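Beneath this line is the structure, given in structure tokens, with notes to follow.
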Amino acid sequence: MKQSLHIKQWEIPVYHYDTLIVGSGAAGFSAAERLYDLDHKDIALITEHIRAGTSRNTGSDKQTYYKLTLSGSRLDSVRNMAETLTSGGCVDGDLALCEAALSTRCFFHLAESGVPFPCSRYGEYVGYKTDHDPYERATSAGPYTSKMMTEALEASVYKKNIPVIDHMQVIRILTDQNPESNRIQGVLCLNLACSGDTNSSAFVVFSCHNLVYATGGPAGIYYDSVYPHGHHGSTGLAFEAGAVGQNLTEWQYGLASLHPRWNVSGTYMQVLPRFISTTMDGLDEREFLSDYFQDSRELLNKIFLKGYQWPFDVRKIQNGSSIIDILVYMEMQKGRRIFLDYTRNPCGGIDFDRLPEESQTYLEKGRACFGTPYERLLQMNEPAAAFYRDRGIDLSSSPLEIALCAQHNNGGLSVDAWWQTNIKGFFCIGEACGSHGIYRPGGTALNAGQVGALRAAQFIAASSDGSSASDSSLESSIPQIAEILQMAENVMDGKKENITSVTEYFQKRMSLSGAAFRDLRQMKELLRNVTRYLESLAEFCHADSSRQLRHFFLLR
């Protein structure tokens, strides 16, 4: 149902729904599908870009799905899995129990939707051990598992004719300003499909009784990031609306290529490439890791372990592979660029008979105790080489630039056992939700998003009458909308655009002092700067087009 809202000279279209889903990743599409199947059909899904986002465009952790064991003879249980989830710290027990209990239901739903998880000829779904996993609960459909999940769920959403509204950037979450009710009202969006300067058609309001937030993690705060370029995150808007966060400092960082953004975990490390550094202009090539290891055998072992000990972990510095992350970071602080070189062997050559047992056995089983790192990569994981080749980088002849990058936020919004935040009617699922804990098993993120979508849909379907919201419900939100409209007018002042440089400045500062290595003094200074800029951001920033207005709201 469409109406309009008049604020000063603005006439803004308003669309009314009972439930609105924000985000078009695996979690968002799943929520829409689950609501429909529960006969709750006054719904719509909005998204900035249907083809953007982490679910559709990343690998590594997004290729693993964590669930109860469904193969072999080892006993498993919901209680065992819940204990595994909580053992890493900062995981709420009720959420862990839900994620364990519903893991098989959500997994089979994906399998029956067409995600090709591997199984034996007898129907056993194959499992393997991932990080922080004692039971071989992980499974994978390959490096594009989350992409396959997203596409399967998207197809189901379109088949059910659920409205999907593309090119809508949420720029304000609207809430009832009465603290006693503390309820969701809807969202104000910037219409990214609108061309030209700001006018009434540039803004759209969606009114709703329930909002399911599936916007992913706050990727945009970092410069060194493995998140896809189309993923920014919208966690800040939820905080502005009054939502409570938890575990926000808990991030995963790891080595990743910069162009394209992709995790260099797994086989990329286990084939033992050279780590080289150069000056900013690509000169003075040095195999810098050799400066820190007297024994080449130890160095090669650390590189190998980096393959499956991929995320940076302070517990794996002394006797694990995270020393590699530190050395890469230290070399970058010298103003140098870091590359992986697959054309030549490290340490002047490899004596495969002298490798530590674990790495030697792995390479022997893969029949890869020969040649260059690139030749070993072709032998053990040809699609890994093809991934870069398809994107214009031939690892047989070109080095691959890497950095220590932000990869996943294990914190987010705090939710109850139905994935509802402290704001009534405001649900949060996927990476934006702070349910993951600190040392979660790899692949729990995909399961958490599916379980959260199901739980939120069950609560909404059972508690809502299914009727659309009305114009009257937006009355208390008009000042919130007016504030954003005034910001847009102030920013579109015809002066030279500066939003790109301001954004890059703060992203670089965050990567320098608030990423894997954190300097308290620098962080306090950065906090002061951010606070000062936010207070007058619309006066300081200038946009010369509606496209730049989009970047202003991303920056904010």
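Letters A, B, ... go to the chains of the structure tokens in the order shown; residues in each chain start at 1; ligands are counted from 1 in the same order.
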Spatial neighbours of stretch 441-458 of chain A, max dist 7 Å, only C-alpha atoms, sep filter under 6 positions, as a PDB file with C-alpha atoms, in the first residue's frame:
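Resulting contents of selection-v4.pdb:
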```
ATOM      1  CA  ALA A  27      20.034 -14.533   5.992  1.00  0.00           C
ATOM      2  CA  SER A  30      15.854 -16.911   4.248  1.00  0.00           C
ATOM      3  CA  ALA A  31      13.818 -14.661   6.556  1.00  0.00           C
ATOM      4  CA  ARG A  34      10.365 -18.456   6.131  1.00  0.00           C
ATOM      5  CA  LEU A  35       7.801 -15.721   6.803  1.00  0.00           C
ATOM      6  CA  ASP A  61      34.596 -18.930   6.242  1.00  0.00           C
ATOM      7  CA  LYS A  62      31.622 -18.425   3.927  1.00  0.00           C
ATOM      8  CA  THR A  64      31.687 -23.760   5.468  1.00  0.00           C
ATOM      9  CA  TYR A  65      28.369 -24.688   7.086  1.00  0.00           C
ATOM     10  CA  TYR A  66      28.484 -25.871  10.705  1.00  0.00           C
ATOM     11  CA  GLU A  99      21.633 -22.771  16.765  1.00  0.00           C
ATOM     12  CA  LEU A 102      17.875 -26.062  14.472  1.00  0.00           C
ATOM     13  CA  SER A 103      21.134 -26.623  12.589  1.00  0.00           C
ATOM     14  CA  CYS A 106      18.116 -25.369   8.381  1.00  0.00           C
ATOM     15  CA  THR A 130      37.049 -26.992  10.973  1.00  0.00           C
ATOM     16  CA  ASP A 131      38.794 -24.644  13.429  1.00  0.00           C
ATOM     17  CA  HIS A 132      37.574 -24.896  17.071  1.00  0.00           C
ATOM     18  CA  ASP A 133      35.571 -27.985  16.110  1.00  0.00           C
ATOM     19  CA  ALA A 138      31.600 -28.804   9.077  1.00  0.00           C
ATOM     20  CA  TRP A 418      13.936 -15.038  19.096  1.00  0.00           C
ATOM     21  CA  TRP A 419      16.635 -12.775  17.617  1.00  0.00           C
ATOM     22  CA  PHE A 427      15.023  -8.262  14.795  1.00  0.00           C
ATOM     23  CA  ILE A 429      20.040 -11.829  11.958  1.00  0.00           C
ATOM     24  CA  GLY A 430      23.275 -12.804  10.227  1.00  0.00           C
ATOM     25  CA  GLU A 431      26.609 -11.107  10.832  1.00  0.00           C
TER      26      GLU A 431
END
```
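By only C-alpha atoms, and with residues fewer than 5 positions from A:Leu68 along its chain excluded, the set lying at most 7 Å from it is A:Asp76, A:Met81, A:Ala100, A:Ser103, A:Thr104, A:Arg137.
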Could you turn the residues from that selection into a file that holds C-alpha atoms, as a compact mmCIF listing (two decimals), in the first residue's frame?
```txt
# COMPACT_ATOMS: atom_id res chain seq x y z
CA ASP A 76 26.84 -36.10 18.66
CA MET A 81 27.12 -28.75 19.91
CA ALA A 100 22.49 -26.35 17.66
CA SER A 103 21.13 -26.62 12.59
CA THR A 104 19.95 -29.82 10.90
CA ARG A 137 30.53 -31.03 11.97
```
Excluding A:Glu364 and residues on its chain fewer than 5 positions from it, collect all residues at most 12 Å away from it, counting only C-alpha atoms, and give them as an mmCIF file with N, CA, C and O atoms, in the first residue's frame.
```cif
data_model
loop_
_atom_site.group_PDB
_atom_site.id
_atom_site.type_symbol
_atom_site.label_atom_id
_atom_site.label_comp_id
_atom_site.auth_asym_id
_atom_site.auth_seq_id
_atom_site.Cartn_x
_atom_site.Cartn_y
_atom_site.Cartn_z
ATOM 1 N N GLN A 270 49.171 -23.654 2.000
ATOM 2 C CA GLN A 270 49.710 -24.999 2.194
ATOM 3 C C GLN A 270 50.617 -25.458 1.058
ATOM 4 O O GLN A 270 51.371 -26.429 1.210
ATOM 5 N N VAL A 271 50.582 -24.746 -0.081
ATOM 6 C CA VAL A 271 51.530 -25.059 -1.158
ATOM 7 C C VAL A 271 52.842 -24.302 -0.979
ATOM 8 O O VAL A 271 53.734 -24.390 -1.825
ATOM 9 N N PHE A 352 61.719 -31.545 0.551
ATOM 10 C CA PHE A 352 60.439 -32.074 1.032
ATOM 11 C C PHE A 352 60.631 -33.162 2.081
ATOM 12 O O PHE A 352 59.755 -33.378 2.920
ATOM 13 N N ASP A 353 61.775 -33.843 2.060
ATOM 14 C CA ASP A 353 62.022 -34.891 3.049
ATOM 15 C C ASP A 353 62.308 -34.321 4.434
ATOM 16 O O ASP A 353 62.219 -35.049 5.429
ATOM 17 N N LEU A 355 60.676 -31.558 5.644
ATOM 18 C CA LEU A 355 59.511 -30.825 6.151
ATOM 19 C C LEU A 355 58.979 -31.485 7.412
ATOM 20 O O LEU A 355 59.104 -32.711 7.585
ATOM 21 N N PRO A 356 58.358 -30.719 8.320
ATOM 22 C CA PRO A 356 57.685 -31.323 9.471
ATOM 23 C C PRO A 356 56.650 -32.340 9.017
ATOM 24 O O PRO A 356 56.112 -32.257 7.905
ATOM 25 N N GLU A 357 56.358 -33.297 9.864
ATOM 26 C CA GLU A 357 55.545 -34.446 9.475
ATOM 27 C C GLU A 357 54.177 -34.034 8.923
ATOM 28 O O GLU A 357 53.713 -34.581 7.916
ATOM 29 N N GLU A 358 53.530 -33.075 9.582
ATOM 30 C CA GLU A 358 52.172 -32.709 9.168
ATOM 31 C C GLU A 358 52.156 -32.166 7.746
ATOM 32 O O GLU A 358 51.338 -32.593 6.914
ATOM 33 N N SER A 359 53.023 -31.216 7.447
ATOM 34 C CA SER A 359 53.042 -30.621 6.115
ATOM 35 C C SER A 359 53.560 -31.616 5.074
ATOM 36 O O SER A 359 53.052 -31.673 3.945
ATOM 37 N N CYS A 369 54.758 -33.035 -3.835
ATOM 38 C CA CYS A 369 56.128 -32.809 -3.355
ATOM 39 C C CYS A 369 57.054 -32.568 -4.548
ATOM 40 O O CYS A 369 57.983 -33.343 -4.827
ATOM 41 N N PHE A 370 56.777 -31.509 -5.279
ATOM 42 C CA PHE A 370 57.568 -31.216 -6.471
ATOM 43 C C PHE A 370 57.320 -29.762 -6.877
ATOM 44 O O PHE A 370 56.383 -29.111 -6.420
ATOM 45 N N ARG A 376 52.281 -26.769 -7.536
ATOM 46 C CA ARG A 376 51.636 -27.523 -6.448
ATOM 47 C C ARG A 376 50.172 -27.102 -6.293
ATOM 48 O O ARG A 376 49.296 -27.929 -6.013
ATOM 49 N N GLN A 379 48.124 -28.812 -8.869
ATOM 50 C CA GLN A 379 47.966 -30.215 -8.541
ATOM 51 C C GLN A 379 46.902 -30.430 -7.472
ATOM 52 O O GLN A 379 46.079 -31.343 -7.574
ATOM 53 N N MET A 380 46.890 -29.567 -6.462
ATOM 54 C CA MET A 380 46.040 -29.812 -5.290
ATOM 55 C C MET A 380 44.709 -29.079 -5.335
ATOM 56 O O MET A 380 43.727 -29.520 -4.733
#
```
For stretch 487-503 of chain A, please output as a tab-separated table (two decimals) with all heavy atoms, in the first residue's frame all residues within 6 Å (counting only C-alpha atoms; exclusion window: fewer than 4 positions along the same chain).
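What follows is the written file out-v9.tsv:
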```tsv
chain	number	residue	atom	x	y	z
A	538	ALA	N	27.39	17.12	8.43
A	538	ALA	CA	26.66	17.66	7.28
A	538	ALA	C	27.16	19.05	6.88
A	538	ALA	O	26.98	19.46	5.72
A	538	ALA	CB	25.17	17.72	7.57
A	541	CYS	N	31.00	18.10	5.27
A	541	CYS	CA	31.05	17.32	4.04
A	541	CYS	C	30.30	18.03	2.91
A	541	CYS	O	29.29	18.71	3.14
A	541	CYS	CB	30.45	15.94	4.26
A	541	CYS	SG	31.48	14.86	5.26
A	542	HIS	N	30.80	17.82	1.69
A	542	HIS	CA	30.18	18.43	0.52
A	542	HIS	C	30.00	17.37	-0.56
A	542	HIS	O	30.91	16.59	-0.85
A	542	HIS	CB	31.05	19.57	-0.02
A	542	HIS	CG	31.52	20.52	1.03
A	542	HIS	ND1	30.65	21.35	1.72
A	542	HIS	CD2	32.76	20.77	1.54
A	542	HIS	CE1	31.34	22.07	2.59
A	542	HIS	NE2	32.62	21.73	2.51
A	543	ALA	N	28.81	17.35	-1.16
A	543	ALA	CA	28.51	16.42	-2.25
A	543	ALA	C	28.07	17.23	-3.46
A	543	ALA	O	27.33	18.21	-3.34
A	543	ALA	CB	27.41	15.46	-1.83
A	544	ASP	N	28.55	16.82	-4.63
A	544	ASP	CA	28.17	17.53	-5.85
A	544	ASP	C	27.26	16.71	-6.75
A	544	ASP	O	26.99	17.09	-7.88
A	544	ASP	CB	29.42	17.97	-6.63
A	544	ASP	CG	30.41	16.83	-6.84
A	544	ASP	OD1	29.99	15.66	-6.75
A	544	ASP	OD2	31.60	17.12	-7.09
```
- Message: Just list as a VMD selection string whatever in stretch 50-245 of chain A DSSP marks as alpha helix (DSSP H).
- Response: chain A and resid 54 to 57 78 to 87 93 to 101 103 to 113 145 to 159 235 to 241
- All residues 12 Å or closer to A:Lys508, only C-alpha atoms, same chain fewer than 4 positions away omitted, as a PyMOL selection string: chain A and resi 220-225+405+501-504+512-515+526
Using the selection just defined, write its residues with N, CA, C and O atoms as an mmCIF file, in the first residue's frame.
```cif
data_model
loop_
_atom_site.group_PDB
_atom_site.id
_atom_site.type_symbol
_atom_site.label_atom_id
_atom_site.label_comp_id
_atom_site.auth_asym_id
_atom_site.auth_seq_id
_atom_site.Cartn_x
_atom_site.Cartn_y
_atom_site.Cartn_z
ATOM 1 N N GLY A 220 32.593 -1.289 6.470
ATOM 2 C CA GLY A 220 33.081 -0.019 5.961
ATOM 3 C C GLY A 220 34.012 0.741 6.874
ATOM 4 O O GLY A 220 34.608 1.737 6.455
ATOM 5 N N ILE A 221 34.188 0.302 8.112
ATOM 6 C CA ILE A 221 35.029 1.074 9.025
ATOM 7 C C ILE A 221 36.513 0.826 8.791
ATOM 8 O O ILE A 221 37.343 1.565 9.322
ATOM 9 N N TYR A 222 36.872 -0.194 7.994
ATOM 10 C CA TYR A 222 38.278 -0.529 7.776
ATOM 11 C C TYR A 222 38.709 -0.251 6.337
ATOM 12 O O TYR A 222 37.931 -0.402 5.397
ATOM 13 N N TYR A 223 39.982 0.116 6.187
ATOM 14 C CA TYR A 223 40.579 0.294 4.861
ATOM 15 C C TYR A 223 41.135 -1.034 4.359
ATOM 16 O O TYR A 223 40.910 -1.410 3.214
ATOM 17 N N ASP A 224 41.870 -1.737 5.208
ATOM 18 C CA ASP A 224 42.391 -3.071 4.857
ATOM 19 C C ASP A 224 41.310 -4.090 5.172
ATOM 20 O O ASP A 224 41.136 -4.498 6.320
ATOM 21 N N SER A 225 40.592 -4.495 4.150
ATOM 22 C CA SER A 225 39.400 -5.308 4.348
ATOM 23 C C SER A 225 39.287 -6.340 3.239
ATOM 24 O O SER A 225 39.627 -6.075 2.089
ATOM 25 N N CYS A 405 43.863 -8.190 6.865
ATOM 26 C CA CYS A 405 42.577 -7.537 6.610
ATOM 27 C C CYS A 405 41.492 -7.965 7.590
ATOM 28 O O CYS A 405 41.505 -9.083 8.108
ATOM 29 N N SER A 501 37.615 11.448 0.369
ATOM 30 C CA SER A 501 38.872 11.608 1.110
ATOM 31 C C SER A 501 38.651 11.498 2.614
ATOM 32 O O SER A 501 39.486 10.923 3.327
ATOM 33 N N VAL A 502 37.530 12.017 3.119
ATOM 34 C CA VAL A 502 37.236 11.910 4.549
ATOM 35 C C VAL A 502 37.025 10.446 4.942
ATOM 36 O O VAL A 502 37.535 9.966 5.954
ATOM 37 N N THR A 503 36.292 9.720 4.117
ATOM 38 C CA THR A 503 36.046 8.300 4.382
ATOM 39 C C THR A 503 37.348 7.517 4.414
ATOM 40 O O THR A 503 37.608 6.735 5.338
ATOM 41 N N GLU A 504 38.189 7.737 3.415
ATOM 42 C CA GLU A 504 39.456 7.008 3.333
ATOM 43 C C GLU A 504 40.354 7.347 4.525
ATOM 44 O O GLU A 504 41.040 6.471 5.058
ATOM 45 N N LEU A 512 44.878 1.230 11.098
ATOM 46 C CA LEU A 512 46.169 1.426 11.746
ATOM 47 C C LEU A 512 46.115 1.173 13.245
ATOM 48 O O LEU A 512 46.971 0.495 13.813
ATOM 49 N N SER A 513 45.072 1.686 13.917
ATOM 50 C CA SER A 513 45.075 1.661 15.386
ATOM 51 C C SER A 513 43.958 0.846 16.005
ATOM 52 O O SER A 513 43.977 0.603 17.210
ATOM 53 N N GLY A 514 42.981 0.378 15.220
ATOM 54 C CA GLY A 514 41.847 -0.333 15.803
ATOM 55 C C GLY A 514 41.527 -1.642 15.126
ATOM 56 O O GLY A 514 40.376 -2.087 15.131
ATOM 57 N N ALA A 515 42.535 -2.288 14.531
ATOM 58 C CA ALA A 515 42.306 -3.575 13.860
ATOM 59 C C ALA A 515 42.945 -4.685 14.685
ATOM 60 O O ALA A 515 42.750 -4.748 15.896
ATOM 61 N N LEU A 526 41.394 8.789 17.967
ATOM 62 C CA LEU A 526 40.493 8.542 16.853
ATOM 63 C C LEU A 526 39.036 8.719 17.287
ATOM 64 O O LEU A 526 38.222 9.286 16.550
#
```
- Give the strand (DSSP E or B) residues of stretch 337-457 of chain A, as DSSP finds them on the backbone, and put them as JSON, numbers by chain. {"A": [337, 338, 339, 340, 341, 400, 401, 402, 403, 404, 405, 406, 407, 408, 409, 412, 413, 420, 424, 426, 427, 428, 433]}
Write the residues you've just listed into a file as a PDB file, in the first residue's frame, and include N, CA, C and O atoms for each of them.
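Resulting contents of result.pdb:
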```
ATOM      1  N   ARG A 337      55.110  -2.889   0.561  1.00  0.00           N
ATOM      2  CA  ARG A 337      53.995  -3.704   0.082  1.00  0.00           C
ATOM      3  C   ARG A 337      54.374  -5.175   0.193  1.00  0.00           C
ATOM      4  O   ARG A 337      55.545  -5.542   0.009  1.00  0.00           O
ATOM      5  N   ILE A 338      53.373  -6.030   0.473  1.00  0.00           N
ATOM      6  CA  ILE A 338      53.606  -7.456   0.691  1.00  0.00           C
ATOM      7  C   ILE A 338      52.937  -8.256  -0.429  1.00  0.00           C
ATOM      8  O   ILE A 338      51.802  -7.973  -0.815  1.00  0.00           O
ATOM      9  N   PHE A 339      53.653  -9.269  -0.905  1.00  0.00           N
ATOM     10  CA  PHE A 339      53.132 -10.114  -1.993  1.00  0.00           C
ATOM     11  C   PHE A 339      53.375 -11.586  -1.670  1.00  0.00           C
ATOM     12  O   PHE A 339      54.339 -11.937  -0.975  1.00  0.00           O
ATOM     13  N   LEU A 340      52.504 -12.440  -2.200  1.00  0.00           N
ATOM     14  CA  LEU A 340      52.762 -13.873  -2.274  1.00  0.00           C
ATOM     15  C   LEU A 340      53.287 -14.169  -3.665  1.00  0.00           C
ATOM     16  O   LEU A 340      52.718 -13.726  -4.666  1.00  0.00           O
ATOM     17  N   ASP A 341      54.372 -14.935  -3.726  1.00  0.00           N
ATOM     18  CA  ASP A 341      54.983 -15.286  -4.996  1.00  0.00           C
ATOM     19  C   ASP A 341      54.897 -16.804  -5.172  1.00  0.00           C
ATOM     20  O   ASP A 341      55.471 -17.574  -4.399  1.00  0.00           O
ATOM     21  N   LEU A 400      51.034 -11.785  -5.984  1.00  0.00           N
ATOM     22  CA  LEU A 400      49.697 -11.447  -5.491  1.00  0.00           C
ATOM     23  C   LEU A 400      49.833 -10.571  -4.255  1.00  0.00           C
ATOM     24  O   LEU A 400      50.363 -11.003  -3.228  1.00  0.00           O
ATOM     25  N   GLU A 401      49.367  -9.322  -4.341  1.00  0.00           N
ATOM     26  CA  GLU A 401      49.518  -8.402  -3.214  1.00  0.00           C
ATOM     27  C   GLU A 401      48.514  -8.745  -2.108  1.00  0.00           C
ATOM     28  O   GLU A 401      47.335  -8.989  -2.376  1.00  0.00           O
ATOM     29  N   ILE A 402      49.004  -8.763  -0.874  1.00  0.00           N
ATOM     30  CA  ILE A 402      48.179  -9.133   0.271  1.00  0.00           C
ATOM     31  C   ILE A 402      48.338  -8.112   1.395  1.00  0.00           C
ATOM     32  O   ILE A 402      49.222  -7.252   1.363  1.00  0.00           O
ATOM     33  N   ALA A 403      47.485  -8.222   2.390  1.00  0.00           N
ATOM     34  CA  ALA A 403      47.586  -7.418   3.616  1.00  0.00           C
ATOM     35  C   ALA A 403      46.849  -8.162   4.714  1.00  0.00           C
ATOM     36  O   ALA A 403      46.130  -9.143   4.461  1.00  0.00           O
ATOM     37  N   LEU A 404      47.028  -7.716   5.944  1.00  0.00           N
ATOM     38  CA  LEU A 404      46.271  -8.252   7.077  1.00  0.00           C
ATOM     39  C   LEU A 404      44.956  -7.501   7.136  1.00  0.00           C
ATOM     40  O   LEU A 404      44.929  -6.308   7.419  1.00  0.00           O
ATOM     41  N   CYS A 405      43.863  -8.190   6.865  1.00  0.00           N
ATOM     42  CA  CYS A 405      42.577  -7.537   6.610  1.00  0.00           C
ATOM     43  C   CYS A 405      41.492  -7.965   7.590  1.00  0.00           C
ATOM     44  O   CYS A 405      41.505  -9.083   8.108  1.00  0.00           O
ATOM     45  N   ALA A 406      40.530  -7.073   7.798  1.00  0.00           N
ATOM     46  CA  ALA A 406      39.321  -7.408   8.545  1.00  0.00           C
ATOM     47  C   ALA A 406      38.463  -8.342   7.704  1.00  0.00           C
ATOM     48  O   ALA A 406      38.299  -8.136   6.499  1.00  0.00           O
ATOM     49  N   GLN A 407      37.924  -9.386   8.371  1.00  0.00           N
ATOM     50  CA  GLN A 407      37.183 -10.405   7.624  1.00  0.00           C
ATOM     51  C   GLN A 407      35.783 -10.664   8.158  1.00  0.00           C
ATOM     52  O   GLN A 407      34.873 -10.933   7.396  1.00  0.00           O
ATOM     53  N   HIS A 408      35.586 -10.586   9.459  1.00  0.00           N
ATOM     54  CA  HIS A 408      34.272 -10.907  10.027  1.00  0.00           C
ATOM     55  C   HIS A 408      34.156 -10.304  11.412  1.00  0.00           C
ATOM     56  O   HIS A 408      35.097 -10.357  12.197  1.00  0.00           O
ATOM     57  N   ASN A 409      33.005  -9.686  11.688  1.00  0.00           N
ATOM     58  CA  ASN A 409      32.751  -9.146  13.018  1.00  0.00           C
ATOM     59  C   ASN A 409      31.976 -10.178  13.826  1.00  0.00           C
ATOM     60  O   ASN A 409      30.859 -10.555  13.463  1.00  0.00           O
ATOM     61  N   GLY A 412      28.022  -7.532  17.377  1.00  0.00           N
ATOM     62  CA  GLY A 412      26.900  -6.935  16.657  1.00  0.00           C
ATOM     63  C   GLY A 412      25.809  -6.532  17.614  1.00  0.00           C
ATOM     64  O   GLY A 412      26.058  -6.198  18.774  1.00  0.00           O
ATOM     65  N   LEU A 413      24.560  -6.603  17.162  1.00  0.00           N
ATOM     66  CA  LEU A 413      23.425  -6.218  18.000  1.00  0.00           C
ATOM     67  C   LEU A 413      23.082  -7.358  18.955  1.00  0.00           C
ATOM     68  O   LEU A 413      23.152  -8.528  18.605  1.00  0.00           O
ATOM     69  N   GLN A 420      15.279 -11.007  18.609  1.00  0.00           N
ATOM     70  CA  GLN A 420      14.714  -9.666  18.705  1.00  0.00           C
ATOM     71  C   GLN A 420      15.629  -8.793  19.571  1.00  0.00           C
ATOM     72  O   GLN A 420      16.103  -9.228  20.620  1.00  0.00           O
ATOM     73  N   LYS A 424      11.237  -3.222  20.367  1.00  0.00           N
ATOM     74  CA  LYS A 424      10.141  -4.121  20.002  1.00  0.00           C
ATOM     75  C   LYS A 424       9.933  -4.112  18.486  1.00  0.00           C
ATOM     76  O   LYS A 424       9.853  -3.063  17.860  1.00  0.00           O
ATOM     77  N   PHE A 426      12.041  -5.101  16.283  1.00  0.00           N
ATOM     78  CA  PHE A 426      13.303  -4.945  15.558  1.00  0.00           C
ATOM     79  C   PHE A 426      14.149  -6.192  15.790  1.00  0.00           C
ATOM     80  O   PHE A 426      14.658  -6.421  16.886  1.00  0.00           O
ATOM     81  N   PHE A 427      14.297  -7.004  14.727  1.00  0.00           N
ATOM     82  CA  PHE A 427      15.023  -8.262  14.795  1.00  0.00           C
ATOM     83  C   PHE A 427      16.337  -8.118  14.014  1.00  0.00           C
ATOM     84  O   PHE A 427      16.413  -7.372  13.040  1.00  0.00           O
ATOM     85  N   CYS A 428      17.337  -8.851  14.431  1.00  0.00           N
ATOM     86  CA  CYS A 428      18.627  -8.780  13.758  1.00  0.00           C
ATOM     87  C   CYS A 428      19.165 -10.187  13.532  1.00  0.00           C
ATOM     88  O   CYS A 428      19.238 -10.991  14.476  1.00  0.00           O
ATOM     89  N   CYS A 433      24.193  -9.465  13.748  1.00  0.00           N
ATOM     90  CA  CYS A 433      23.793  -9.915  15.085  1.00  0.00           C
ATOM     91  C   CYS A 433      25.031 -10.350  15.865  1.00  0.00           C
ATOM     92  O   CYS A 433      25.936 -10.976  15.320  1.00  0.00           O
TER      93      CYS A 433
END
```
- Write out as a VMD selection string each polymer residue whose atoms come within 12 Å of stretch 117-123 of chain A, counting only C-alpha atoms; drop sequence neighbours fewer than 5 positions from it. chain A and resid 63 to 66 70 to 72 107 to 112 128 138 to 146 148 to 149
Got time to write the residues from that selection, N, CA and C atoms, as a CSV table (one decimal), in the first residue's frame?
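New file result_16.csv:
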```
chain,number,residue,atom,x,y,z
A,63,GLN,N,32.5,-20.5,3.0
A,63,GLN,CA,32.3,-21.8,2.3
A,63,GLN,C,32.0,-22.9,3.2
A,64,THR,N,31.9,-22.7,4.5
A,64,THR,CA,31.7,-23.8,5.5
A,64,THR,C,30.3,-23.6,6.2
A,65,TYR,N,29.6,-24.7,6.3
A,65,TYR,CA,28.4,-24.7,7.1
A,65,TYR,C,28.5,-25.6,8.3
A,66,TYR,N,28.3,-25.1,9.5
A,66,TYR,CA,28.5,-25.9,10.7
A,66,TYR,C,27.2,-26.4,11.3
A,70,LEU,N,26.3,-35.5,10.7
A,70,LEU,CA,25.3,-36.3,10.0
A,70,LEU,C,26.0,-37.5,9.2
A,71,SER,N,27.2,-37.8,9.7
A,71,SER,CA,27.8,-39.0,9.0
A,71,SER,C,28.8,-39.6,10.0
A,72,GLY,N,29.2,-40.8,9.7
A,72,GLY,CA,30.2,-41.6,10.5
A,72,GLY,C,29.5,-42.2,11.7
A,107,PHE,N,19.9,-26.8,7.7
A,107,PHE,CA,20.8,-27.4,6.7
A,107,PHE,C,20.0,-28.2,5.6
A,108,PHE,N,19.1,-29.1,6.1
A,108,PHE,CA,18.3,-29.9,5.1
A,108,PHE,C,17.4,-29.0,4.3
A,109,HIS,N,17.0,-27.9,4.8
A,109,HIS,CA,16.2,-26.9,4.0
A,109,HIS,C,17.0,-26.4,2.9
A,110,LEU,N,18.3,-26.1,3.1
A,110,LEU,CA,19.2,-25.6,2.1
A,110,LEU,C,19.5,-26.7,1.1
A,111,ALA,N,19.7,-27.9,1.6
A,111,ALA,CA,20.0,-29.0,0.7
A,111,ALA,C,18.8,-29.3,-0.3
A,112,GLU,N,17.6,-29.2,0.3
A,112,GLU,CA,16.5,-29.5,-0.5
A,112,GLU,C,16.1,-28.3,-1.4
A,128,TYR,N,33.7,-32.6,8.0
A,128,TYR,CA,35.1,-32.5,8.2
A,128,TYR,C,35.3,-31.6,9.4
A,138,ALA,N,31.6,-29.7,10.2
A,138,ALA,CA,31.6,-28.8,9.1
A,138,ALA,C,31.3,-29.5,7.8
A,139,THR,N,30.7,-28.8,6.9
A,139,THR,CA,30.5,-29.3,5.5
A,139,THR,C,30.6,-28.1,4.6
A,140,SER,N,30.7,-28.4,3.3
A,140,SER,CA,30.9,-27.4,2.3
A,140,SER,C,30.5,-27.8,0.9
A,141,ALA,N,29.9,-26.9,0.2
A,141,ALA,CA,29.6,-27.2,-1.2
A,141,ALA,C,30.7,-26.6,-2.2
A,142,GLY,N,31.8,-26.2,-1.6
A,142,GLY,CA,32.9,-25.6,-2.4
A,142,GLY,C,33.1,-24.1,-2.0
A,143,PRO,N,34.0,-23.4,-2.7
A,143,PRO,CA,34.4,-22.1,-2.3
A,143,PRO,C,33.3,-21.1,-2.5
A,144,TYR,N,32.2,-21.5,-3.1
A,144,TYR,CA,31.0,-20.5,-3.3
A,144,TYR,C,29.8,-21.0,-2.5
A,145,THR,N,30.0,-21.6,-1.4
A,145,THR,CA,28.8,-22.2,-0.7
A,145,THR,C,27.8,-21.1,-0.3
A,146,SER,N,28.2,-20.0,0.3
A,146,SER,CA,27.3,-19.0,0.6
A,146,SER,C,26.6,-18.3,-0.6
A,148,MET,N,25.9,-20.0,-3.3
A,148,MET,CA,24.9,-21.0,-3.7
A,148,MET,C,23.7,-20.9,-2.8
A,149,MET,N,23.9,-20.7,-1.5
A,149,MET,CA,22.8,-20.6,-0.6
A,149,MET,C,22.0,-19.4,-0.9
```
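Relative to atom CA of A:Thr361, atom CA of A:Asp291 is found at 27.1 Å.
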- Message: I'd like the contact shell of stretch 307-317 of chain A - 6 Å cut-off, only C-alpha atoms, skipping same-chain residues fewer than 4 positions apart - returned as a ChimeraX atom specification.
- Response: /A:252-254,265-266,269-270,321-323
With stretch 471-486 of chain A as the partner and 7 Å as the cut-off, tabulate the residues of stretch 113-196 of chain A that qualify, each row holding the nearest pair of atoms and their distance in Å to one decimal, using only C-alpha atoms, sorted by chain and rising number, as JSON lines.
```
{"residue": "A:Leu174", "atom": "CA", "partner": "A:Ser477", "partner_atom": "CA", "distance": 5.8}
{"residue": "A:Thr175", "atom": "CA", "partner": "A:Ser477", "partner_atom": "CA", "distance": 6.4}
{"residue": "A:Asp176", "atom": "CA", "partner": "A:Ser476", "partner_atom": "CA", "distance": 5.9}
{"residue": "A:Gln177", "atom": "CA", "partner": "A:Ser476", "partner_atom": "CA", "distance": 6.3}
{"residue": "A:Gln185", "atom": "CA", "partner": "A:Leu474", "partner_atom": "CA", "distance": 6.4}
{"residue": "A:Leu188", "atom": "CA", "partner": "A:Ile481", "partner_atom": "CA", "distance": 6.9}
```
